[in-house]
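For reference, the structure is listed below as structure tokens.
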There are 2 protein chains.
Amino acid sequence: MNPDILKERRSATFDVEKLTNILDGGPEKTKRRRDIESMVVSDPDFKEEDPNFLSRSERYDQAVRKSALMIQKLREFGIADPEEIYCYKNSVHSDRPEPLDLHLGMFLPTLLNQATSEQMDRFFMPAWNLKIIGTYAQTEMGHGTHLRGLETTATYDPATQEFVLHSPTISSIKWWPGGLGKTANYAVVLAQLYTQGNNQGLHAFLVQIRDMETHVPLPGVVVGDIGPKFGFVEVDNGFLKLENVRIPRENMLMKYAKVEPDGTYVKPPSAKLTYGTMVFVRSMIVGQSARTLSQACTIVIRYSAVRHQSELRAGEPEPQILDYQAQQYKLFPLLATAYAFQFVSQYMTRTYHRISEDISEGDFSKLPELHALAAGLKAFTTWVTSAGIEVCRMSCGGHGYSRSSALPDLYVDFTSACTYEGENTVMMLQTARYLVKCYRQAKAGQQLGGTVSYLNEAEHRRVRLQPVAAGTTVVDIKDLDSLVEIYKLRAALLIELAAKSIQQELQHKSQEEAWNSNAIDLVRASDAHCHYVVVKLFTEKLGEIDNAEIRSVMSALALLYALHGIANNSGDFLQAGLLSVPQVLQISGSIKRLLSELRPNAVALVDSFDFADRRLNSVLGRYDGNVYEHLFEWARRSPLNATEVHESFHKYLKPLRSKL
Amino acid sequence: MNPDILKERRSATFDVEKLTNILDGGPEKTKRRRDIESMVVSDPDFKEEDPNFLSRSERYDQAVRKSALMIQKLREFGIADPEEIYCYKNSVHSDRPEPLDLHLGMFLPTLLNQATSEQMDRFFMPAWNLKIIGTYAQTEMGHGTHLRGLETTATYDPATQEFVLHSPTISSIKWWPGGLGKTANYAVVLAQLYTQGNNQGLHAFLVQIRDMETHVPLPGVVVGDIGPKFGFVEVDNGFLKLENVRIPRENMLMKYAKVEPDGTYVKPPSAKLTYGTMVFVRSMIVGQSARTLSQACTIVIRYSAVRHQSELRAGEPEPQILDYQAQQYKLFPLLATAYAFQFVSQYMTRTYHRISEDISEGDFSKLPELHALAAGLKAFTTWVTSAGIEVCRMSCGGHGYSRSSALPDLYVDFTSACTYEGENTVMMLQTARYLVKCYRQAKAGQQLGGTVSYLNEAEHRRVRLQPVAAGTTVVDIKDLDSLVEIYKLRAALLIELAAKSIQQELQHKSQEEAWNSNAIDLVRASDAHCHYVVVKLFTEKLGEIDNAEIRSVMSALALLYALHGIANNSGDFLQAGLLSVPQVLQISGSIKRLLSELRPNAVALVDSFDFADRRLNSVLGRYDGNVYEHLFEWARRSPLNATEVHESFHKYLKPLRSKL
């Protein structure tokens with residue numbers, strides 16, 4: 001163990017294990033998680049080559065091998081609880097996306113939700129046993145979030161009782177589905193349904209794309225890999241061009257909407273039925289943000305404890321870089337954010353399960369709020385995390401740029417979450433649509449519940465758009481509840497400003513135009529709402545923590561999170577008279593004090609996330625802190641070092657001598 | 001030509017060619033640049049494989065081939081002007097870093113600056129003719145910016161008149177130098193000089209590391225590639241462990257400092273002599289920021305003109321995504337920034353040449369200001385550009401994530417500029433050190449010149465730390481000169497706050513502690529100073545533009561740049577009473593109007609950067625806008641599509657069926 005990091009662990013003021021338990025949801029959950037993880041770590045079958053040293057095809061090959069093994073072992077060990085499967089899978093693939101993600105996360109759930117019992121009989125067990133390997137093909141080359149714009153057609157032919165699936169243009173080629181390129185032999189294809197001459201909108205169809213035995217693409221199916229990406233190296237995101245491919249009528253997913261043999265279309269009973277999956281997936285992404293930011297913080301904070309650089313006091317040895325205020329100011333607010341997101345994720349999971357029960361009892365009333373919150377928090381947390389990983393990477397100096405740090409890979413795989421499952425700006429505008437609607441309802445006297453209930457209060461306690469005089473104490477900046485209050489009022493004000501501006505422009509513009517010309521303010525309003533929710537949930541979580549030492553350090557983190565957010569958006573708070581000018585200066589003093597206060601606990605706070613070294617796969621983030629010797633050892637394994645002299649010397653450089 | 005992009009080009013209000021000339025520095029410079037670029041484009045020898053489809057070793061191999069060819073052709077064509085060499089080189093390597101970068105950019109210049117005439121005779125021509133291929137080995141595994149911390153030793157042995165070069169620890173292994181891993185046979189090694197028992201500090205030594213004929217590492221030399229990185233895929237950044245390697249006394253670079261045969265150390269006449277190169281390199285990085293951000297803007301704005309998505313008006317066709325306010329708000333401020341940085345880069349180059357002349361005449365007086373400015377602007381422009389590329393990438397939606405967009409590569413290669421040649425936070429603190437010193441001088445009544453002269457004025461026109469009452473008109477937000485003024489006052493205030501706080505803490509803290517505990521504010525002060533300089537230089541440039549149409553569109557860009565910066569830092573301006581609350585709202589209205597005003601010129605403004613398609617290598621950024629057909633064509637060339645069925649199906653997936 002590196003002596004610096006040992007010293008750090010000794011300086012902790014709280015019990016790391018107890019905080020891990022809080023994050024896991026109890027000591028028994030910690031134990032079960034570790035049991036599952038150690039099944040993978042101790043399993044020689046999962047030994048692997050460092051992906052950093054492999055070509056893309058080799059990485060794909062290794063990932064398929066591990067995925068196949070994983071399916072087999074999950075059966076062997078009888079792991080069937082979805083949360084435990086997820087844990088095992090993340091451990092096998094070190095949290096990296098893998099070729100079977102869409103089969104497990106979209107294809108099987110789509111069957112469960114939308115297949116008739118006859119279809120379940122035909123498809124589910126083969127898919128469960130990986131004879132059928134599926135994917136979910138929605139996005140097209142020219143069409144993303146706007147589903148009505150999708151061009152793929154499914155035209156019903158009553159003569160043969162078949163659907164004809166067709167990609168009429170280049171832009172209609174299905175593009176991006178994971179596992180589609182090389183792995184899948186089936187796809188759920190989303191297409192515009194045409195029957196009896198009418199377009200009935202988007203529906204889902206089960207389309208076989210490859211031969212079950214030879215795996216060769218079927219006639220009329222043009223399928224392949226879409227080429228290298230930023231990350232997702234191990235995933236064969238694919239394209240699919242369908243050239244009048246015929247599938248039996250029974251392959252339309254018909255649990256809700258139906259096409260009768262004669263071509264008669266039968267509408268689904270409710271449009272909200274497919275809503276839930278989307279909300280679930282976005283809630284999961286919030287959890288992914290929390291986990292990824294926690295990993296990045298673990299790497300950079302451990303490394304900052306063992307890295308020495310420059311001098312703080314002339315003549316003294318170089319200090320740990322964690323002692324620099326500028327470094328703390330980059331990292332500790334992100335550490336606070338990681339904890340905030342962990343608790344937000346716990347909240348989202350709980351809420352999703354609660355509301356799912358309501359839904360299964362036919363009560364959809366709370367779905368819109370959750371839908372808006374999931375969309376907003378998906379965008380809010382992924383943007384912050386994506387940028388945050390890069391701050392962590394750059395805070396490691398040059399070595400952060402090496403793939404050995406794991407931070408480059410963490411970034412390229414994660415940052416796609418800002419785009420997939422709903423592009424972030426589109427998500428923020430969706431949330432804004434809900435908030436503006438609620439604002440109007442509140443103004444009309446309707447009582448709102450849940451996270452938007454403050455829009456009622458705001459009607460009473462009017463926010464002034466003017467600064468307060470110096471000397472006025474507006475808020476107690478040491479009190480989290482007061483801070484929650486001003487975050488709330490800031491959100492209320494920004495929503496009101498946007499809503500009023502739209503209202504005004506409606507006098508001479510269409511609804512859509514007025515909406516578009518206020519998009520900047522709407523995104524800001526959503527952002528402020530999400531920020532408020534995060535501060536509020538972090539503050540509420542403190543009340544659930546019994547252990548005094550842990551509550552104390554968590555309170556410091558929560559305060560840092562809240563104050564740092566205010567400092568970075570001080571214009572909003574000043575403008576609304578929620579803070580006075582001297583208070584802004586006080587806040588910057590408080591932030592500095594909190595950085596010093598958190599310093600002795602920094603390493604313990606990342607240790608509490610409890611990521612195994614194998615999971616992080618980071619030379620800089622090693623638990624033992626022995627960075628340099630392992631960096632050297634890692635570098636020597638670089639494929640370019642396989643030979644002492646690269647052939648290019650003899651091919652190009654030496655022959656050049658005679659020519660110059 | 002895609003009809004959308006054709007329409008965009010027709011809507012331009014100015015002559016694209018004339019703006020290109022302004023960026024190049026005159027029509028004759030545009031012509032010469034294009035001539036040089038077309039030498040490369042039309043040269044069949046430079047035909048290459050798309051690097052996206054190659055392994056790292058293949059990419060390195062291809063890059064070495066092109067670099068060798070490049071050297072040969074530069075001689076053939078008689079291109080010898082440094083600016084023209086740089087242009088040819090960037091065209092050959094499509095602006096990517098390459099294995100000979102350090103040979104050309106550091107090894108040869110170091111010889112020119114620090115070698116004696118005897119050393120020039122021995123080394124320069126072999127290096128010029130690529131018999132000697134050099135690199136510059138300064139950074140060590142455990143030591144970066146803090147040069148005094150470097151551990152490598154060069155101990156003089158008067159008995160044999162040799163230096164013994166040695167890496168005493170793992171952390172002392174030289175790490176990162178480009179071309180060191182496989183390409184170079186010589187290195188300039190920075191090491192602590194020991195002679196007659198004394199450490200004389202860091203000096204530079206010419207060390208042969210590989211055999212000239214076989215290219216095999218020499219005895220005592222452990223050298224290799226440091227492994228894969230985020231970007232710089234084609235560069236063999238290397239490590240070098242020296243095990244008591246002996247070099248002749250004459251291999252110490254002795255133009256200034258010397259070691260006599262008996263071991264007597266002779267000091268250099270001035271410590272500032274090696275200062276200039278650092279300033280030059282950092283000024284070049286400002287230009288690189290400008291170019292890279294311009295490229296990213298070109299790609300995303302062209303793509304946003306041909307991409308259609310969602311609906312603005314019910315029932316109408318999907319609009320170009322460039323028509324969305326949210327999209328404009330992401331891209332046009334970055335476009336304005338790209339222009340701002342282009343002009344800042346022109347200023348830095350001019351200033352560097354002017355001051356170089358002074359220096360060559362022995363006048364070092366203006367060096368400290370340029371040094372501080374280059375450090376600050378290096379950090380300011382690289383941070384903004386690095387984050388900006390990612391905004392551009394995400395604004396392309398999913399396709400931005402594909403390597404075909406070129407944005408991922410642009411990012412990974414560029415973002416390292418935030419770390420190399422002086423880590424950005426360290427740079428900002430260096431600039432702050434200069435600013436605080438100037439502030440104290442101004443306070444003591446000294447008259448300052450150049451970019452810091454405002455610190456004199458600020459002494460007279462005291463900035464108040466309090467908001468202004470509503471209704472007060474503080475500044476004309478439509479007038480760029482007024483905006484320059486408030487940027488200046490903001491910088492002055494932040495410098496003053498930091499300086500005063502340090503002063504206060506000095507009563508009970510050491511100099512270093514007081515400095516460290518104000519690091520956050522010091523970085524902010526430097527940032528505000530750089531921001532002011534950029535706004536000022538952009539504004540001044542407008543006066544040089546004769547063409548009325550171009551001046552008009554450039555003025556709109558400059559205004560957008562200035563106002564956007566204020567909106568994003570409104571807390572600072574409100575706090576200092578430089579803006580009233582109603583003005584902050586007015587600014588957000590002005591920004592929206594500027595976005596609409598710039599919309600018709602967006603494509604023309606990126607066309608003016610004049611990047612050839614081959615240079616951008618981006619399917620999304622094609623000049624003709626024919627994105628989708630080429631995206632499909634590109635994807636089909638993905639190596640994973642070399643076979644219809646990937647072997648992993650037969651190896652893992654099919655056999656699994658019998659096991660489940």
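Residues are named by chain letter and number: chains run A, B, ... in the order of the structure tokens, numbers start at 1 in each chain, and ligands are numbered from 1 in the order shown.
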
Residues near region 113-115 of chain A, cut-off 10 Å, only C-alpha atoms, skip fewer than 6 positions along chain, as an NGL selection string
:A and (121-124 or 204 or 206 or 251-257 or 273-274 or 277)

Skipping near chain neighbours, those fewer than 6 positions away, what residues fall within 10 Å of Pro368 (chain A) using only C-alpha atoms, listed as a PDB file with C-alpha atoms, in the first residue's frame?
ATOM      1  CA  LYS A 272     -49.924   5.504 -22.567  1.00  0.00           C
ATOM      2  CA  TYR A 275     -44.836   5.094 -21.907  1.00  0.00           C
ATOM      3  CA  VAL A 279     -39.540   6.333 -18.059  1.00  0.00           C
ATOM      4  CA  ALA A 374     -37.224  11.366 -15.728  1.00  0.00           C
ATOM      5  CA  THR A 431     -39.834  18.790 -19.198  1.00  0.00           C
ATOM      6  CA  TYR A 434     -44.852  19.985 -18.533  1.00  0.00           C
TER       7      TYR A 434
END

Phe649 (chain B) surroundings by only C-alpha atoms, 8 Å radius, close-in-sequence under 5 positions cut, as a list of chain:residue names
A:Thr183, A:His215, B:Lys654

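Proximity ranking of A:His203, A:Ser386, A:Gly179, A:Gly197 relative to Val223 (chain A) places A:Gly179 first, based on only C-alpha atoms.
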
Between B:Leu334, B:Cys396, B:Ala191, B:Val286, which has the minimum distance to chain A (counting only C-alpha atoms)?
B:Cys396

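Checking B:Ile355, B:Leu6, B:Leu293, B:Ala567 one by one against chain A, counting only C-alpha atoms, you find the shortest gap at B:Ala567.
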
Using only C-alpha atoms, which of the listed residues (A:His166, A:Lys229, A:His353, A:Arg302) sits closest to chain B?
A:Lys229

Who sits within 10 Å of region 337-348 of chain A, only C-alpha atoms, same chain under 6 positions skipped, as a PyMOL selection string
chain A and resi 22-25+279-280+282-297+331+354+370+373-374+377+381+384-385+388+533-542+554+557-558+560-562+605-606+609

Please run DSSP on the backbone and report, as a PyMOL selection string, all residues within region 78-214 of chain B that come out as strand (DSSP E or B).
chain B and resi 134-137+140+143+153-157+162-166+174-175+186-195+198-208+210

Spatial neighbours of Glu597 (chain A), 12 Å, only C-alpha atoms, chain gap at least 6 places, as a PyMOL selection string
chain A and resi 11-13+323+325+328+332+552-557+559-560+590-591

Give me the residues within 10 Å of Ser172 (chain A) as a list in words, counting only C-alpha atoms and dropping any in the same chain fewer than 6 places off.
Thr139, Glu140, Met141, Gly142, His143, Gly149, Leu150, Glu151, Thr152, Thr153, His166, Ala191, Leu240, Lys241 and Leu242 of chain A; Tyr628 of chain B

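What separates CA of Pro99 (chain A) from CA of Leu218 (chain A) is a distance of 20.6 Å.
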
So that I can see what lies close to Phe632 (chain A), please list as a VMD selection string the residues with an atom at most 10 Å from it, counting only C-alpha atoms and leaving out residues fewer than 4 positions away in the same chain.
(chain A and resid 619 627 to 628 636 to 637) or (chain B and resid 141 170 to 171 173 175 226 to 227 239)

Of A:Ile321, A:Leu563, A:Leu190, A:Ile520, the one sitting nearest Gly589 (chain B) when using only C-alpha atoms is A:Ile520

Which of these, A:Gly450, A:Pro248, A:Gly178, A:Pro408, has the shortest distance to Thr155 (chain A) once you count only C-alpha atoms?
A:Pro248

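When CA of Asn617 (chain B) is paired with CA of Arg393 (chain B), their separation reads 14.5 Å.
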